[in-house]
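Engineer: Sharing a structure with you now.
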There are 2 protein chains.
Amino acid sequence: MARKPADQSVNKDDILQAAAHVLQRNGYEATTMKDIAAEVNLTAASLYHHFRNKDALLLAVLEAGIELVISQIEPIVHSTATSDEKLRQMMFAHIVSLTRNTAVGAALVFEIKSLISITPPPGQPVDPDVAEVLERQVTFIARRDQFENLYRQVLHEGITAGCFRPVDVPIFVKTMLGAHNWVGVWYRPEGRLSGEVIAGMMADTFLRALQPT
Amino acid sequence: MARKPADQSVNKDDILQAAAHVLQRNGYEATTMKDIAAEVNLTAASLYHHFRNKDALLLAVLEAGIELVISQIEPIVHSTATSDEKLRQMMFAHIVSLTRNTAVGAALVFEIKSLISITPPPGQPVDPDVAEVLERQVTFIARRDQFENLYRQVLHEGITAGCFRPVDVPIFVKTMLGAHNWVGVWYRPEGRLSGEVIAGMMADTFLRALQPT
DNA sequence: CTGGTAATCTAATCTTCATTAGATTATTTT
DNA sequence: AAAATAATCTAATGAAGATTAGATTACCAG
(Lines give C-alpha, C1' and ligand atoms only; values in the text may rest on other atoms or scores of the structure.)
Protein backbone atom coordinates (compact mmCIF):
# COMPACT_ATOMS: atom_id res chain seq x y z
CA MET A 1 0.00 0.00 0.00
CA ALA A 2 1.79 3.04 -1.12
CA ARG A 3 1.93 5.40 -4.01
CA LYS A 4 -1.26 6.00 -5.91
CA PRO A 5 -1.46 6.29 -9.68
CA ALA A 6 -0.31 9.67 -10.92
CA ASP A 7 -3.71 11.08 -11.66
CA GLN A 8 -4.93 10.40 -8.17
CA SER A 9 -1.95 11.66 -6.32
CA VAL A 10 -2.32 15.07 -4.79
CA ASN A 11 -0.07 18.04 -5.32
CA LYS A 12 0.82 20.91 -3.06
CA ASP A 13 -2.00 22.96 -4.39
CA ASP A 14 -4.61 20.42 -3.48
CA ILE A 15 -3.23 20.31 -0.01
CA LEU A 16 -3.21 24.08 0.26
CA GLN A 17 -6.84 24.22 -0.73
CA ALA A 18 -7.73 21.54 1.75
CA ALA A 19 -5.75 23.25 4.46
CA ALA A 20 -7.49 26.51 3.75
CA HIS A 21 -10.86 24.86 4.14
CA VAL A 22 -10.05 23.12 7.35
CA LEU A 23 -8.38 26.23 8.63
CA GLN A 24 -11.50 28.22 7.99
CA ARG A 25 -13.60 25.67 9.79
CA ASN A 26 -11.42 25.17 12.80
CA GLY A 27 -8.77 27.80 13.17
CA TYR A 28 -5.08 27.12 13.21
CA GLU A 29 -4.42 25.41 16.48
CA ALA A 30 -7.57 23.34 16.25
CA THR A 31 -6.67 22.15 12.79
CA THR A 32 -4.81 18.89 12.85
CA MET A 33 -2.60 17.52 10.18
CA LYS A 34 -4.90 14.56 10.16
CA ASP A 35 -7.89 16.78 9.36
CA ILE A 36 -6.10 18.29 6.44
CA ALA A 37 -4.87 14.95 5.24
CA ALA A 38 -8.37 13.54 5.43
CA GLU A 39 -9.66 16.19 3.04
CA VAL A 40 -7.35 14.89 0.37
CA ASN A 41 -7.52 11.24 1.35
CA LEU A 42 -4.03 11.00 2.70
CA THR A 43 -2.60 10.18 6.07
CA ALA A 44 -1.05 12.86 8.19
CA ALA A 45 2.39 11.42 7.67
CA SER A 46 2.10 11.87 3.94
CA LEU A 47 1.76 15.60 4.27
CA TYR A 48 5.32 15.76 5.45
CA HIS A 49 6.43 14.71 2.06
CA HIS A 50 5.04 17.97 0.74
CA PHE A 51 5.64 20.37 3.60
CA ARG A 52 8.32 20.59 6.25
CA ASN A 53 5.84 20.94 9.07
CA LYS A 54 2.53 22.40 10.09
CA ASP A 55 3.79 25.95 10.31
CA ALA A 56 5.22 25.79 6.86
CA LEU A 57 1.91 24.56 5.58
CA LEU A 58 -0.03 27.35 7.23
CA LEU A 59 2.36 29.91 5.96
CA ALA A 60 2.00 28.56 2.46
CA VAL A 61 -1.74 28.99 2.70
CA LEU A 62 -1.42 32.57 3.80
CA GLU A 63 1.23 33.34 1.22
CA ALA A 64 -0.91 32.01 -1.55
CA GLY A 65 -3.82 34.04 -0.27
CA ILE A 66 -2.04 37.33 -0.05
CA GLU A 67 -0.34 36.87 -3.39
CA LEU A 68 -3.64 36.15 -5.05
CA VAL A 69 -5.17 39.29 -3.67
CA ILE A 70 -2.16 41.44 -4.45
CA SER A 71 -2.01 40.15 -7.99
CA GLN A 72 -5.54 41.37 -8.49
CA ILE A 73 -5.15 44.73 -6.83
CA GLU A 74 -1.75 45.85 -7.96
CA PRO A 75 -2.48 46.33 -11.66
CA ILE A 76 -5.34 48.62 -10.75
CA VAL A 77 -3.09 50.90 -8.76
CA HIS A 78 -0.82 51.39 -11.71
CA SER A 79 -3.56 51.93 -14.21
CA THR A 80 -4.42 55.32 -15.66
CA ALA A 81 -7.84 55.62 -14.08
CA THR A 82 -8.72 58.42 -11.71
CA SER A 83 -8.15 57.86 -8.05
CA ASP A 84 -11.77 57.30 -7.26
CA GLU A 85 -12.15 54.85 -10.09
CA LYS A 86 -9.03 53.05 -8.96
CA LEU A 87 -10.25 52.82 -5.44
CA ARG A 88 -13.61 51.53 -6.50
CA GLN A 89 -12.03 48.87 -8.63
CA MET A 90 -9.62 47.88 -5.91
CA MET A 91 -12.31 47.49 -3.32
CA PHE A 92 -14.53 45.66 -5.71
CA ALA A 93 -11.85 43.20 -6.75
CA HIS A 94 -10.69 42.69 -3.20
CA ILE A 95 -14.10 41.97 -1.79
CA VAL A 96 -15.20 39.77 -4.62
CA SER A 97 -12.01 37.83 -4.21
CA LEU A 98 -12.74 37.31 -0.55
CA THR A 99 -16.22 36.08 -1.29
CA ARG A 100 -14.97 33.70 -3.93
CA ASN A 101 -12.42 32.18 -1.68
CA THR A 102 -13.75 32.57 1.79
CA ALA A 103 -11.49 29.83 3.04
CA VAL A 104 -8.35 31.77 2.31
CA GLY A 105 -10.05 35.02 3.14
CA ALA A 106 -10.96 33.95 6.63
CA ALA A 107 -7.58 32.36 7.08
CA LEU A 108 -5.96 35.65 6.27
CA VAL A 109 -7.99 37.35 8.93
CA PHE A 110 -7.81 34.80 11.63
CA GLU A 111 -4.49 33.17 11.36
CA ILE A 112 -2.19 36.12 11.38
CA LYS A 113 -2.16 35.96 15.10
CA SER A 114 -1.10 32.34 15.25
CA LEU A 115 1.52 33.36 12.82
CA ILE A 116 2.78 36.27 14.79
CA SER A 117 3.04 34.29 17.98
CA ILE A 118 5.59 31.87 16.59
CA THR A 119 8.39 33.52 18.48
CA PRO A 120 12.00 32.47 18.17
CA PRO A 121 12.93 30.16 21.03
CA PRO A 122 14.90 32.03 23.67
CA GLY A 123 17.95 29.76 23.41
CA GLN A 124 20.75 30.41 20.94
CA PRO A 125 20.75 27.47 18.53
CA VAL A 126 17.98 27.92 15.97
CA ASP A 127 16.77 24.88 14.10
CA PRO A 128 17.15 25.61 10.38
CA ASP A 129 13.55 24.57 9.76
CA VAL A 130 12.34 27.00 12.34
CA ALA A 131 14.64 29.62 10.93
CA GLU A 132 13.12 29.24 7.52
CA VAL A 133 9.59 29.50 8.80
CA LEU A 134 10.56 32.54 10.82
CA GLU A 135 12.07 34.14 7.76
CA ARG A 136 9.02 33.50 5.63
CA GLN A 137 6.89 34.85 8.39
CA VAL A 138 8.68 38.14 8.29
CA THR A 139 8.37 38.22 4.54
CA PHE A 140 4.69 37.56 4.82
CA ILE A 141 4.10 40.41 7.21
CA ALA A 142 6.08 42.67 4.93
CA ARG A 143 3.90 41.59 2.07
CA ARG A 144 0.79 42.47 4.04
CA ASP A 145 2.17 45.90 4.68
CA GLN A 146 2.88 46.36 1.01
CA PHE A 147 -0.67 45.42 0.31
CA GLU A 148 -1.95 47.97 2.75
CA ASN A 149 0.32 50.50 1.13
CA LEU A 150 -1.38 50.06 -2.19
CA TYR A 151 -4.53 51.43 -0.66
CA ARG A 152 -2.66 54.18 1.09
CA GLN A 153 -1.04 55.31 -2.11
CA VAL A 154 -4.29 55.63 -3.96
CA LEU A 155 -5.81 57.49 -1.07
CA HIS A 156 -2.97 59.97 -0.92
CA GLU A 157 -3.05 60.41 -4.62
CA GLY A 158 -6.76 61.12 -4.55
CA ILE A 159 -6.53 63.54 -1.68
CA THR A 160 -3.74 65.43 -3.36
CA ALA A 161 -5.75 65.56 -6.53
CA GLY A 162 -8.64 66.97 -4.55
CA CYS A 163 -10.71 64.04 -5.62
CA PHE A 164 -11.11 62.89 -2.00
CA ARG A 165 -11.60 64.91 1.14
CA PRO A 166 -8.55 64.92 3.38
CA VAL A 167 -8.71 62.03 5.81
CA ASP A 168 -6.19 60.37 8.05
CA VAL A 169 -4.96 57.89 5.51
CA PRO A 170 -3.68 55.12 7.79
CA ILE A 171 -6.85 55.10 9.85
CA PHE A 172 -9.09 55.24 6.85
CA VAL A 173 -7.30 52.33 5.26
CA LYS A 174 -7.52 50.25 8.41
CA THR A 175 -11.20 51.04 8.55
CA MET A 176 -11.69 49.84 5.00
CA LEU A 177 -9.58 46.76 5.42
CA GLY A 178 -11.34 45.80 8.60
CA ALA A 179 -14.66 45.95 6.81
CA HIS A 180 -13.29 44.00 3.89
CA ASN A 181 -11.62 41.31 5.91
CA TRP A 182 -14.72 40.75 7.89
CA VAL A 183 -16.56 39.82 4.72
CA GLY A 184 -14.52 36.64 4.59
CA VAL A 185 -16.04 35.77 7.92
CA TRP A 186 -19.74 36.39 7.42
CA TYR A 187 -20.24 35.93 3.70
CA ARG A 188 -22.13 32.81 2.65
CA PRO A 189 -22.40 31.90 -1.03
CA GLU A 190 -25.98 30.79 -0.50
CA GLY A 191 -26.87 34.12 1.10
CA ARG A 192 -29.25 36.82 -0.08
CA LEU A 193 -26.75 38.82 -2.10
CA SER A 194 -23.97 37.94 -4.50
CA GLY A 195 -20.38 38.84 -3.80
CA GLU A 196 -20.49 41.37 -6.61
CA VAL A 197 -23.50 43.16 -5.23
CA ILE A 198 -22.00 43.27 -1.78
CA ALA A 199 -18.69 44.49 -3.15
CA GLY A 200 -20.49 47.25 -5.02
CA MET A 201 -22.36 48.40 -1.96
CA MET A 202 -19.31 48.45 0.22
CA ALA A 203 -17.26 50.30 -2.36
CA ASP A 204 -20.05 52.85 -2.51
CA THR A 205 -19.99 53.29 1.21
CA PHE A 206 -16.34 54.16 1.35
CA LEU A 207 -16.32 56.31 -1.76
CA ARG A 208 -19.13 58.40 -0.40
CA ALA A 209 -17.27 58.73 2.83
CA LEU A 210 -14.41 60.23 0.85
CA GLN A 211 -16.43 62.73 -1.14
CA PRO A 212 -15.14 66.24 -0.69
CA THR A 213 -17.82 68.39 0.87
CA MET B 1 1.25 25.17 50.57
CA ALA B 2 -2.36 25.84 49.99
CA ARG B 3 -4.79 28.64 50.38
CA LYS B 4 -3.37 32.08 50.22
CA PRO B 5 -4.36 34.87 52.55
CA ALA B 6 -7.67 36.42 51.58
CA ASP B 7 -6.24 39.58 50.15
CA GLN B 8 -4.01 37.63 47.81
CA SER B 9 -6.56 35.14 46.65
CA VAL B 10 -8.00 35.70 43.23
CA ASN B 11 -11.63 35.87 42.22
CA LYS B 12 -13.38 34.97 39.03
CA ASP B 13 -12.98 38.43 37.71
CA ASP B 14 -9.24 38.41 38.05
CA ILE B 15 -9.16 35.17 36.17
CA LEU B 16 -11.38 36.52 33.43
CA GLN B 17 -9.11 39.48 32.98
CA ALA B 18 -6.08 37.26 32.85
CA ALA B 19 -7.75 34.92 30.43
CA ALA B 20 -8.69 37.80 28.19
CA HIS B 21 -5.08 38.94 28.09
CA VAL B 22 -3.66 35.56 27.33
CA LEU B 23 -6.38 34.93 24.83
CA GLN B 24 -5.48 38.09 23.02
CA ARG B 25 -1.86 37.13 22.95
CA ASN B 26 -2.26 33.55 21.88
CA GLY B 27 -5.70 32.75 20.60
CA TYR B 28 -8.00 30.19 22.08
CA GLU B 29 -6.44 26.88 21.23
CA ALA B 30 -2.95 28.12 21.88
CA THR B 31 -3.91 29.42 25.29
CA THR B 32 -3.26 26.90 28.00
CA MET B 33 -4.89 26.78 31.36
CA LYS B 34 -1.38 27.00 32.70
CA ASP B 35 -0.79 30.29 30.88
CA ILE B 36 -3.90 31.76 32.35
CA ALA B 37 -3.11 30.45 35.77
CA ALA B 38 0.38 31.90 35.58
CA GLU B 39 -1.01 35.41 35.04
CA VAL B 40 -2.71 35.23 38.39
CA ASN B 41 -0.02 33.19 40.13
CA LEU B 42 -2.04 30.04 40.39
CA THR B 43 -1.59 26.56 39.08
CA ALA B 44 -3.75 25.25 36.29
CA ALA B 45 -5.54 22.90 38.61
CA SER B 46 -6.71 25.78 40.75
CA LEU B 47 -8.65 27.28 37.89
CA TYR B 48 -11.00 24.35 38.01
CA HIS B 49 -12.17 25.52 41.35
CA HIS B 50 -13.53 28.61 39.63
CA PHE B 51 -14.60 27.28 36.24
CA ARG B 52 -15.91 23.95 35.07
CA ASN B 53 -13.47 23.72 32.21
CA LYS B 54 -11.63 25.66 29.57
CA ASP B 55 -14.65 26.20 27.38
CA ALA B 56 -16.65 27.58 30.24
CA LEU B 57 -13.84 29.97 30.98
CA LEU B 58 -13.59 31.19 27.42
CA LEU B 59 -17.29 31.62 27.22
CA ALA B 60 -17.27 33.66 30.40
CA VAL B 61 -14.70 35.98 28.85
CA LEU B 62 -16.78 36.50 25.76
CA GLU B 63 -19.97 36.94 27.73
CA ALA B 64 -18.40 39.59 29.88
CA GLY B 65 -17.10 41.33 26.79
CA ILE B 66 -20.35 41.45 24.91
CA GLU B 67 -22.30 42.50 27.97
CA LEU B 68 -19.93 45.33 28.59
CA VAL B 69 -20.30 46.60 25.08
CA ILE B 70 -24.05 46.19 25.02
CA SER B 71 -24.42 47.97 28.31
CA GLN B 72 -22.70 50.96 26.78
CA ILE B 73 -24.54 50.96 23.49
CA GLU B 74 -28.07 50.12 24.49
CA PRO B 75 -28.92 53.28 26.43
CA ILE B 76 -27.94 55.34 23.44
CA VAL B 77 -30.39 53.55 21.20
CA HIS B 78 -33.23 54.39 23.52
CA SER B 79 -32.27 57.99 24.03
CA THR B 80 -34.11 60.89 22.45
CA ALA B 81 -31.30 62.01 20.18
CA THR B 82 -31.68 62.09 16.41
CA SER B 83 -30.68 59.00 14.51
CA ASP B 84 -27.44 60.43 13.32
CA GLU B 85 -26.50 61.60 16.76
CA LYS B 86 -27.37 58.20 18.14
CA LEU B 87 -25.30 56.43 15.57
CA ARG B 88 -22.35 58.66 16.19
CA GLN B 89 -22.52 58.06 19.89
CA MET B 90 -22.89 54.34 19.43
CA MET B 91 -19.91 54.06 17.17
CA PHE B 92 -17.86 56.28 19.38
CA ALA B 93 -18.66 54.34 22.52
CA HIS B 94 -18.15 51.03 20.83
CA ILE B 95 -14.80 51.85 19.36
CA VAL B 96 -13.47 53.55 22.45
CA SER B 97 -14.52 50.53 24.43
CA LEU B 98 -12.60 48.28 22.09
CA THR B 99 -9.49 50.39 22.42
CA ARG B 100 -9.77 50.46 26.18
CA ASN B 101 -10.06 46.76 26.46
CA THR B 102 -8.29 45.37 23.46
CA ALA B 103 -7.94 42.04 25.16
CA VAL B 104 -11.63 41.41 25.26
CA GLY B 105 -12.12 43.21 21.98
CA ALA B 106 -9.77 40.99 20.10
CA ALA B 107 -11.13 37.96 21.86
CA LEU B 108 -14.58 38.85 20.66
CA VAL B 109 -13.36 38.99 17.12
CA PHE B 110 -11.13 36.01 17.08
CA GLU B 111 -12.67 33.50 19.35
CA ILE B 112 -16.15 33.27 17.98
CA LYS B 113 -14.94 30.64 15.64
CA SER B 114 -13.46 28.44 18.34
CA LEU B 115 -16.71 28.91 20.04
CA ILE B 116 -18.84 27.99 17.12
CA SER B 117 -16.87 24.88 16.36
CA ILE B 118 -17.71 23.23 19.65
CA THR B 119 -20.22 20.92 18.05
CA PRO B 120 -22.30 18.46 20.03
CA PRO B 121 -20.67 15.03 19.95
CA PRO B 122 -22.47 12.78 17.48
CA GLY B 123 -23.30 10.15 20.08
CA GLN B 124 -26.48 10.30 22.15
CA PRO B 125 -25.42 10.80 25.76
CA VAL B 126 -24.49 14.44 26.34
CA ASP B 127 -22.30 15.24 29.29
CA PRO B 128 -24.18 17.80 31.40
CA ASP B 129 -21.09 20.01 31.48
CA VAL B 130 -20.92 20.01 27.72
CA ALA B 131 -24.64 20.62 27.57
CA GLU B 132 -24.32 23.70 29.68
CA VAL B 133 -21.51 25.10 27.62
CA LEU B 134 -23.47 24.39 24.48
CA GLU B 135 -26.46 26.20 25.87
CA ARG B 136 -24.48 29.24 26.88
CA GLN B 137 -22.89 29.22 23.49
CA VAL B 138 -26.27 29.56 21.83
CA THR B 139 -27.19 32.32 24.21
CA PHE B 140 -23.99 34.11 23.41
CA ILE B 141 -24.59 34.01 19.69
CA ALA B 142 -28.11 35.29 20.26
CA ARG B 143 -26.67 38.11 22.29
CA ARG B 144 -24.35 39.03 19.47
CA ASP B 145 -27.26 39.17 17.12
CA GLN B 146 -29.13 41.41 19.48
CA PHE B 147 -26.17 43.68 19.55
CA GLU B 148 -26.05 43.84 15.79
CA ASN B 149 -29.75 44.59 15.83
CA LEU B 150 -29.21 47.70 17.87
CA TYR B 151 -27.27 49.15 14.98
CA ARG B 152 -29.82 47.95 12.48
CA GLN B 153 -32.63 49.60 14.37
CA VAL B 154 -30.98 52.96 14.43
CA LEU B 155 -30.12 52.68 10.76
CA HIS B 156 -33.70 51.88 9.82
CA GLU B 157 -34.99 54.64 11.98
CA GLY B 158 -32.66 57.13 10.36
CA ILE B 159 -33.47 56.02 6.86
CA THR B 160 -37.18 56.25 7.51
CA ALA B 161 -36.71 59.68 8.96
CA GLY B 162 -34.84 60.68 5.82
CA CYS B 163 -31.85 61.43 7.95
CA PHE B 164 -29.77 58.76 6.15
CA ARG B 165 -29.74 57.76 2.53
CA PRO B 166 -31.33 54.38 1.91
CA VAL B 167 -28.73 51.65 2.20
CA ASP B 168 -28.93 47.91 2.57
CA VAL B 169 -29.06 47.86 6.32
CA PRO B 170 -27.65 44.40 7.03
CA ILE B 171 -24.72 44.92 4.73
CA PHE B 172 -24.02 48.38 6.00
CA VAL B 173 -24.04 47.17 9.57
CA LYS B 174 -21.69 44.31 8.80
CA THR B 175 -19.42 46.79 7.10
CA MET B 176 -19.36 49.00 10.15
CA LEU B 177 -18.92 46.18 12.58
CA GLY B 178 -16.09 44.69 10.57
CA ALA B 179 -14.27 47.98 10.71
CA HIS B 180 -14.95 48.34 14.40
CA ASN B 181 -13.94 44.84 15.36
CA TRP B 182 -10.75 45.15 13.50
CA VAL B 183 -9.75 48.04 15.71
CA GLY B 184 -9.37 45.58 18.55
CA VAL B 185 -6.74 43.89 16.47
CA TRP B 186 -4.54 46.74 15.30
CA TYR B 187 -4.98 49.37 17.96
CA ARG B 188 -2.00 49.96 20.22
CA PRO B 189 -2.30 52.23 23.25
CA GLU B 190 1.16 53.58 22.58
CA GLY B 191 0.25 54.43 19.02
CA ARG B 192 0.03 57.79 17.28
CA LEU B 193 -3.62 58.47 18.00
CA SER B 194 -5.85 58.06 21.03
CA GLY B 195 -8.83 55.76 21.00
CA GLU B 196 -11.12 58.76 21.14
CA VAL B 197 -9.58 60.40 18.11
CA ILE B 198 -9.74 57.19 16.16
CA ALA B 199 -13.32 56.60 17.19
CA GLY B 200 -14.23 60.09 16.06
CA MET B 201 -12.66 59.62 12.68
CA MET B 202 -14.29 56.32 12.08
CA ALA B 203 -17.68 57.58 13.14
CA ASP B 204 -17.23 60.42 10.71
CA THR B 205 -16.45 58.05 7.93
CA PHE B 206 -19.64 56.08 8.30
CA LEU B 207 -21.87 59.06 8.94
CA ARG B 208 -20.67 60.71 5.78
CA ALA B 209 -21.30 57.52 3.93
CA LEU B 210 -24.90 57.75 5.08
CA GLN B 211 -25.51 61.33 4.14
CA PRO B 212 -28.47 61.70 1.82
CA THR B 213 -27.35 63.14 -1.48
C1' DC C 1 -11.36 27.16 70.17
C1' DT C 2 -13.49 23.75 66.65
C1' DG C 3 -15.66 22.18 62.73
C1' DG C 4 -16.77 23.46 58.11
C1' DT C 5 -15.91 25.43 53.84
C1' DA C 6 -13.06 27.70 50.34
C1' DA C 7 -8.93 28.13 47.70
C1' DT C 8 -4.70 26.07 46.60
C1' DC C 9 -1.31 22.79 45.73
C1' DT C 10 1.21 18.43 43.98
C1' DA C 11 1.06 14.49 41.49
C1' DA C 12 -1.13 11.55 38.54
C1' DT C 13 -3.94 10.23 34.36
C1' DC C 14 -5.31 10.12 29.75
C1' DT C 15 -5.65 12.12 25.16
C1' DT C 16 -4.54 14.18 21.41
C1' DC C 17 -1.37 15.59 18.25
C1' DA C 18 2.97 16.60 15.56
C1' DT C 19 6.66 14.47 13.88
C1' DT C 20 9.90 10.56 12.64
C1' DA C 21 11.31 5.86 11.05
C1' DG C 22 11.12 2.40 8.05
C1' DA C 23 8.70 0.02 4.69
C1' DT C 24 6.20 -0.36 0.11
C1' DT C 25 4.87 0.56 -4.50
C1' DA C 26 4.13 3.56 -8.72
C1' DT C 27 6.52 6.32 -12.25
C1' DT C 28 10.24 7.78 -14.79
C1' DT C 29 14.90 7.55 -16.50
C1' DT C 30 18.48 5.40 -18.56
C1' DA D 1 13.92 -3.81 -17.48
C1' DA D 2 16.97 -2.18 -13.75
C1' DA D 3 17.86 1.81 -11.08
C1' DA D 4 16.45 5.98 -9.19
C1' DT D 5 12.95 8.84 -7.43
C1' DA D 6 8.44 10.17 -5.70
C1' DA D 7 4.36 9.52 -3.02
C1' DT D 8 2.22 6.79 0.26
C1' DC D 9 1.50 3.96 4.12
C1' DT D 10 1.78 1.80 9.01
C1' DA D 11 3.64 2.05 13.34
C1' DA D 12 6.29 4.24 16.67
C1' DT D 13 7.85 8.22 19.57
C1' DG D 14 7.41 12.11 22.54
C1' DA D 15 5.54 16.04 24.23
C1' DA D 16 1.99 19.03 25.57
C1' DG D 17 -1.94 19.95 27.93
C1' DA D 18 -6.69 19.30 29.93
C1' DT D 19 -8.68 17.32 33.64
C1' DT D 20 -9.03 14.62 38.07
C1' DA D 21 -7.68 12.88 42.75
C1' DG D 22 -6.24 13.61 47.05
C1' DA D 23 -3.97 16.38 50.18
C1' DT D 24 -3.17 20.84 52.70
C1' DT D 25 -4.02 25.20 54.76
C1' DA D 26 -6.53 29.72 55.55
C1' DC D 27 -10.56 31.86 57.20
C1' DC D 28 -15.09 32.10 59.25
C1' DA D 29 -19.23 30.91 61.91
C1' DG D 30 -20.72 29.05 66.13
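In the C-alpha coordinates, the first chain shown is A, the next is B, and so on; residue numbers restart at 1 for each chain, and ligands run from 1 in the order shown.
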Give me, as a Markdown table, the closest atom pair and its distance (Å, one decimal) for every residue of chain C within a cut-off of 6 Å of chain B, counting only C-alpha atoms (C1' of nucleotides), rows sorted by chain and rising number.

Structural biologist:
```
| residue | atom | partner | partner_atom | distance |
| --- | --- | --- | --- | --- |
| C:DA7 | C1' | B:Arg3 | CA | 5.0 |
| C:DT8 | C1' | B:Ala2 | CA | 4.1 |
| C:DC9 | C1' | B:Ala2 | CA | 5.3 |
```

Engineer: Any chance you can output those residues with N, CA and C atoms (P, O5', C5', C4', C3', O3' and C1' of nucleotides) as a PDB file, in the first residue's frame?

Structural biologist:
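Resulting contents of part_20.pdb:
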```
ATOM      1  P    DA C   7     -13.447  30.482  47.392  1.00  0.00           P
ATOM      2  O5'  DA C   7     -11.926  30.025  47.473  1.00  0.00           O
ATOM      3  C5'  DA C   7     -11.073  30.710  48.378  1.00  0.00           C
ATOM      4  C4'  DA C   7      -9.634  30.310  48.143  1.00  0.00           C
ATOM      5  C3'  DA C   7      -9.245  30.214  46.664  1.00  0.00           C
ATOM      6  O3'  DA C   7      -7.917  30.704  46.552  1.00  0.00           O
ATOM      7  C1'  DA C   7      -8.926  28.128  47.696  1.00  0.00           C
ATOM      8  P    DT C   8      -7.306  31.135  45.199  1.00  0.00           P
ATOM      9  O5'  DT C   8      -6.031  30.212  45.209  1.00  0.00           O
ATOM     10  C5'  DT C   8      -6.166  28.914  45.731  1.00  0.00           C
ATOM     11  C4'  DT C   8      -4.844  28.374  46.199  1.00  0.00           C
ATOM     12  C3'  DT C   8      -4.088  27.772  45.016  1.00  0.00           C
ATOM     13  O3'  DT C   8      -2.722  28.123  44.970  1.00  0.00           O
ATOM     14  C1'  DT C   8      -4.699  26.073  46.599  1.00  0.00           C
ATOM     15  P    DC C   9      -1.884  27.554  43.753  1.00  0.00           P
ATOM     16  O5'  DC C   9      -1.360  26.174  44.387  1.00  0.00           O
ATOM     17  C5'  DC C   9      -0.683  26.223  45.633  1.00  0.00           C
ATOM     18  C4'  DC C   9      -0.233  24.841  46.048  1.00  0.00           C
ATOM     19  C3'  DC C   9       0.500  24.122  44.912  1.00  0.00           C
ATOM     20  O3'  DC C   9       1.766  23.640  45.290  1.00  0.00           O
ATOM     21  C1'  DC C   9      -1.306  22.789  45.730  1.00  0.00           C
TER      22       DC C   9
END
```

Engineer: I need the chain A residues near chain B as a PyMOL selection string; criterion: at most 9 Å, counting only C-alpha atoms.

Structural biologist: chain A and resi 24-30+109-110+113-114+117+167-168+171-172+174-183+186+198+201-202+204-211

Engineer: Just need the residues of chain D within 6 Å of chain B, counting only C-alpha atoms (C1' of nucleotides), so spit them out as number ranges by chain.

Structural biologist: D: 24-26

Engineer: Run DSSP on the backbone and tell me which residues of region 3-179 of chain B come out as alpha helix (DSSP H); list them as a ChimeraX atom specification.

Structural biologist: /B:12-26,33-39,44-50,54-77,83-100,102-110,112-116,128-160,169-179

Engineer: For the atom pair CA of Ser71 (chain B) and CA of Gly200 (chain B), what is the interatomic distance in Å to one decimal place?

Structural biologist: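 About the pair CA of Ser71 (chain B) and CA of Gly200 (chain B): they are 20.0 Å apart.
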